[in-house]
Each structure stands twice: as structure tokens, then as C-alpha cells.
$ cat final.cif   # mmCIF, C-alpha atoms
data_input
#
loop_
_atom_site.label_atom_id
_atom_site.label_comp_id
_atom_site.auth_asym_id
_atom_site.auth_seq_id
_atom_site.Cartn_x
_atom_site.Cartn_y
_atom_site.Cartn_z
CA MET A 10 0.00 0.00 0.00
CA THR A 11 3.03 2.27 -0.20
CA THR A 12 2.46 5.20 -2.52
CA SER A 13 4.40 5.98 -5.67
CA THR A 14 6.36 8.75 -3.90
CA TRP A 15 8.32 6.31 -1.72
CA PHE A 16 11.58 7.74 -3.14
CA PHE A 17 10.78 11.14 -1.57
CA PRO A 18 10.02 9.93 1.96
CA ALA A 19 9.14 13.23 3.63
CA LEU A 20 6.18 13.77 1.31
CA ASP A 21 5.16 10.12 1.21
CA ILE A 22 5.15 9.58 4.97
CA ALA A 23 3.57 12.92 5.82
CA SER A 24 0.57 12.09 3.65
CA ARG A 25 -0.18 9.00 5.74
CA LEU A 26 0.52 10.57 9.12
CA VAL A 27 -2.18 13.19 8.59
CA ALA A 28 -4.72 11.02 6.72
CA ARG A 29 -7.83 10.12 8.70
CA ASP A 30 -8.08 6.67 7.13
CA TYR A 31 -4.66 5.68 8.55
CA ALA A 32 -4.01 4.73 12.15
CA LYS A 33 -0.69 5.75 13.66
CA SER A 34 1.33 4.58 16.62
CA TYR A 35 4.55 5.76 18.27
CA VAL A 36 6.61 2.66 19.13
CA GLY A 37 9.61 4.34 20.79
CA ARG A 38 13.26 5.31 20.41
CA GLU A 39 15.66 2.87 18.73
CA THR A 40 18.97 2.79 16.86
CA LYS A 41 18.94 2.18 13.09
CA ASP A 42 21.84 2.67 10.67
CA ASN A 43 23.94 3.96 13.60
CA ALA A 44 21.47 6.77 14.30
CA LEU A 45 19.04 7.36 17.14
CA VAL A 46 15.56 7.21 15.62
CA ASN A 47 11.91 7.50 16.56
CA HIS A 48 9.99 4.41 15.46
CA LEU A 49 6.46 5.04 14.15
CA GLN A 50 3.91 2.70 12.62
CA ALA A 51 1.09 3.53 10.23
CA TRP A 52 -1.56 1.28 8.74
CA GLU A 53 -4.74 1.64 6.78
CA GLN A 54 -7.88 1.28 8.85
CA ALA A 55 -10.89 -0.73 7.76
CA ASN A 56 -13.42 1.52 9.45
CA GLY A 57 -16.80 -0.13 9.95
CA ALA A 58 -15.48 -3.61 9.09
CA ALA A 59 -15.61 -6.70 11.30
CA ALA A 60 -12.75 -7.23 13.76
CA ASN A 61 -11.08 -9.92 11.64
CA ALA A 62 -11.19 -7.66 8.56
CA ARG A 63 -9.63 -4.80 10.55
CA THR A 64 -6.87 -7.15 11.75
CA ALA A 65 -6.23 -8.37 8.19
CA ALA A 66 -6.13 -4.79 6.87
CA LYS A 67 -3.59 -3.83 9.51
CA SER A 68 -1.33 -6.80 8.79
CA LEU A 69 -1.46 -6.15 5.03
CA THR A 70 -0.79 -2.40 5.22
CA LEU A 71 1.45 -2.01 8.29
CA GLU A 72 4.45 0.22 7.65
CA ASP A 73 7.33 0.84 10.07
CA ILE A 74 8.86 4.29 9.78
CA TYR A 75 12.11 5.28 11.48
CA LEU A 76 12.81 9.03 11.70
CA ASP A 77 16.18 10.48 12.65
CA GLU A 78 15.73 11.99 16.10
CA MET A 79 17.52 15.23 15.26
CA SER A 80 16.42 15.99 11.68
CA HIS A 81 13.09 14.07 11.74
CA MET A 82 13.93 12.77 8.26
CA PRO A 83 13.30 9.10 7.43
CA VAL A 84 16.24 6.75 7.89
CA LEU A 85 14.36 3.53 7.16
CA VAL A 86 10.91 2.53 5.95
CA ALA A 87 9.87 -1.13 6.21
CA PHE A 88 6.75 -2.82 4.89
CA ASN A 89 5.60 -6.08 3.32
CA LEU A 90 4.91 -6.35 -0.38
CA HIS A 91 2.04 -8.63 -1.41
CA LEU A 92 2.25 -10.05 -4.90
CA ASN A 93 -0.90 -10.65 -6.95
CA ASN A 94 -0.41 -14.39 -7.24
CA ALA A 95 0.28 -14.87 -3.52
CA GLY A 96 -1.66 -12.11 -1.79
CA LEU A 97 -1.07 -13.29 1.77
CA LEU A 98 2.62 -14.07 1.30
CA ASN A 99 4.76 -11.35 2.90
CA VAL A 100 7.77 -10.10 0.92
CA PRO A 101 9.67 -7.83 3.33
CA VAL A 102 10.89 -4.55 1.84
CA LEU A 103 13.35 -2.21 3.56
CA ILE A 104 14.18 1.21 2.13
CA HIS A 105 17.20 2.95 3.66
CA PHE A 106 17.62 6.72 3.17
CA SER A 107 20.89 8.56 3.82
CA ASP A 108 23.12 11.41 2.70
CA TYR A 109 20.43 14.09 2.95
CA ARG A 110 21.28 17.34 1.17
CA GLN A 111 19.38 20.57 0.81
CA VAL A 112 17.76 21.00 -2.61
CA GLN A 113 15.82 24.22 -3.00
CA ASN A 114 15.56 24.45 0.82
CA CYS A 115 14.20 20.90 1.07
CA PRO A 116 16.17 17.91 2.40
CA VAL A 117 16.51 15.17 -0.23
CA ALA A 118 18.11 11.76 0.35
CA HIS A 119 20.95 11.28 -2.11
CA HIS A 120 21.57 7.63 -1.23
CA ILE A 121 18.68 5.14 -1.27
CA ARG A 122 19.04 1.39 -0.83
CA VAL A 123 16.11 -0.97 -1.37
CA TYR A 124 16.13 -4.52 -0.02
CA MET A 125 13.57 -7.22 -0.81
CA ASN A 126 13.71 -10.47 1.18
CA SER A 127 16.99 -9.16 2.69
CA VAL A 128 18.59 -8.92 -0.77
CA LEU A 129 19.80 -5.56 -2.07
CA VAL A 130 17.85 -4.91 -5.27
CA TRP A 131 18.57 -1.20 -5.79
CA ASP A 132 21.43 0.97 -4.61
CA LEU A 133 20.62 4.45 -5.88
CA GLN A 134 23.09 7.32 -5.69
CA VAL A 135 21.48 10.63 -6.65
CA SER A 136 23.91 13.01 -8.33
CA SER A 137 21.50 15.93 -8.68
CA ALA A 138 17.89 16.74 -7.94
CA SER A 139 15.44 19.54 -8.55
CA LEU A 140 11.96 20.04 -7.21
CA ASN A 141 9.03 21.02 -9.36
CA TYR A 142 6.57 22.81 -7.08
#

$ encode --input "final.cif" --output "C-alpha cells"
Amino acid sequence: MTTSTWFFPALDIASRLVARDYAKSYVGRETKDNALVNHLQAWEQANGAAANARTAAKSLTLEDIYLDEMSHMPVLVAFNLHLNNAGLLNVPVLIHFSDYRQVQNCPVAHHIRVYMNSVLVWDLQVSSASLNY
């Protein structure tokens, strides 16, 4: 259920943290990628559905978000991908964000690593960026 703006985490995460159809939870302080982070969770709610449907919706849409304690920028986002042919099979995805730089007064991660099933599938190094407001 991750949106298409996953590569720009500040915008992607903010949209879910303010949305009324998403539940949010503060898990606590942890260390990720050698940084002190605040661990948040967000999941889509199945408002008005039976208890088992709400539980299923949470397990299918749960996203763990780790924000750097000082900058409040995402360090890691973790969720499960569900493929069409095996909808209940969890494929863990981890997206690591680092090397934030200011681009037009907005912090942008210039190093993004994406892991699926603990295997590095993308290691992106951004050489330049521009924002189109």
C-alpha cells in the first residue's frame, strides 16, 4: 500500500501521518543505521469492518517508519509487499535513506538502498535533484 512517492520519503510519509483513514502509533526510540531514531507505525484502517477484517487490513498495510531523532527525516521505511499471485505471502521490503542534502531548501536523500527479502535490489546514488513545485 506504499504510494508511488516512496523515493521522496518526507512527502510520502507525511501524507499517511495526517490522513484520517490511517491509524498511527509511536513505538519508541531505537537505533537504526547507527542513528538514534523514533519508530512510528502507520496502517490503513478498515473503518466499519468486522474485527477480523480490521486485523487483516492492519497486517497487510502495516508500515514501520524510522525518523532520525535530530532531523526528523526518514532513515528507514519497512513494509511487506504482497504479490498478486500470492496475496497473503509477505515479501519484506526495507528502504534505507541517507546522505540528505538541501535541494531548494528541502532535504533530499541522495543515497537510497532498497532490499527485498533481505537482498539488495537497488542501490541508488542521486547526483542531482530539482523540485518542481

$ atom_distance --input "final.cif" --atom1 "CA of Asp77 (chain A)" --atom2 "CA of Thr40 (chain A)"
9.2 Å

$ closest_residue --input "final.cif" --among "A:Ser107, A:Ser68, A:Ser137, A:Gln113" --to "Phe88 (chain A)" --atoms "all atoms listed in the file"
A:Ser68

$ resolve_selection --input "final.cif" --expression "the PyMOL selection byres ((chain A and resi 117) around 12)" --output "PyMOL selection string"
chain A and resi 16-20+80+82-84+106-116+118-121+134-140

$ residues_around --input "final.cif" --residues "region 29-33 of chain A" --least-positions-apart "3" --cutoff "9 Å" --atoms "only C-alpha atoms" --output "VMD selection string"
chain A and resid 25 to 26 49 to 56 67

$ write_last_selection --input "final.cif" --atoms "C-alpha atoms" --output "tab-separated table (two decimals), in the coordinates of the input"
chain	number	residue	atom	x	y	z
A	25	ARG	CA	-0.18	9.00	5.74
A	26	LEU	CA	0.52	10.57	9.12
A	49	LEU	CA	6.46	5.04	14.15
A	50	GLN	CA	3.91	2.70	12.62
A	51	ALA	CA	1.09	3.53	10.23
A	52	TRP	CA	-1.56	1.28	8.74
A	53	GLU	CA	-4.74	1.64	6.78
A	54	GLN	CA	-7.88	1.28	8.85
A	55	ALA	CA	-10.89	-0.73	7.76
A	56	ASN	CA	-13.42	1.52	9.45
A	67	LYS	CA	-3.59	-3.83	9.51

$ atom_distance --input "final.cif" --atom1 "CA of Arg122 (chain A)" --atom2 "CA of Leu103 (chain A)"
8.0 Å

$ atom_distance --input "final.cif" --atom1 "CA of Glu39 (chain A)" --atom2 "CA of Met79 (chain A)"
13.0 Å
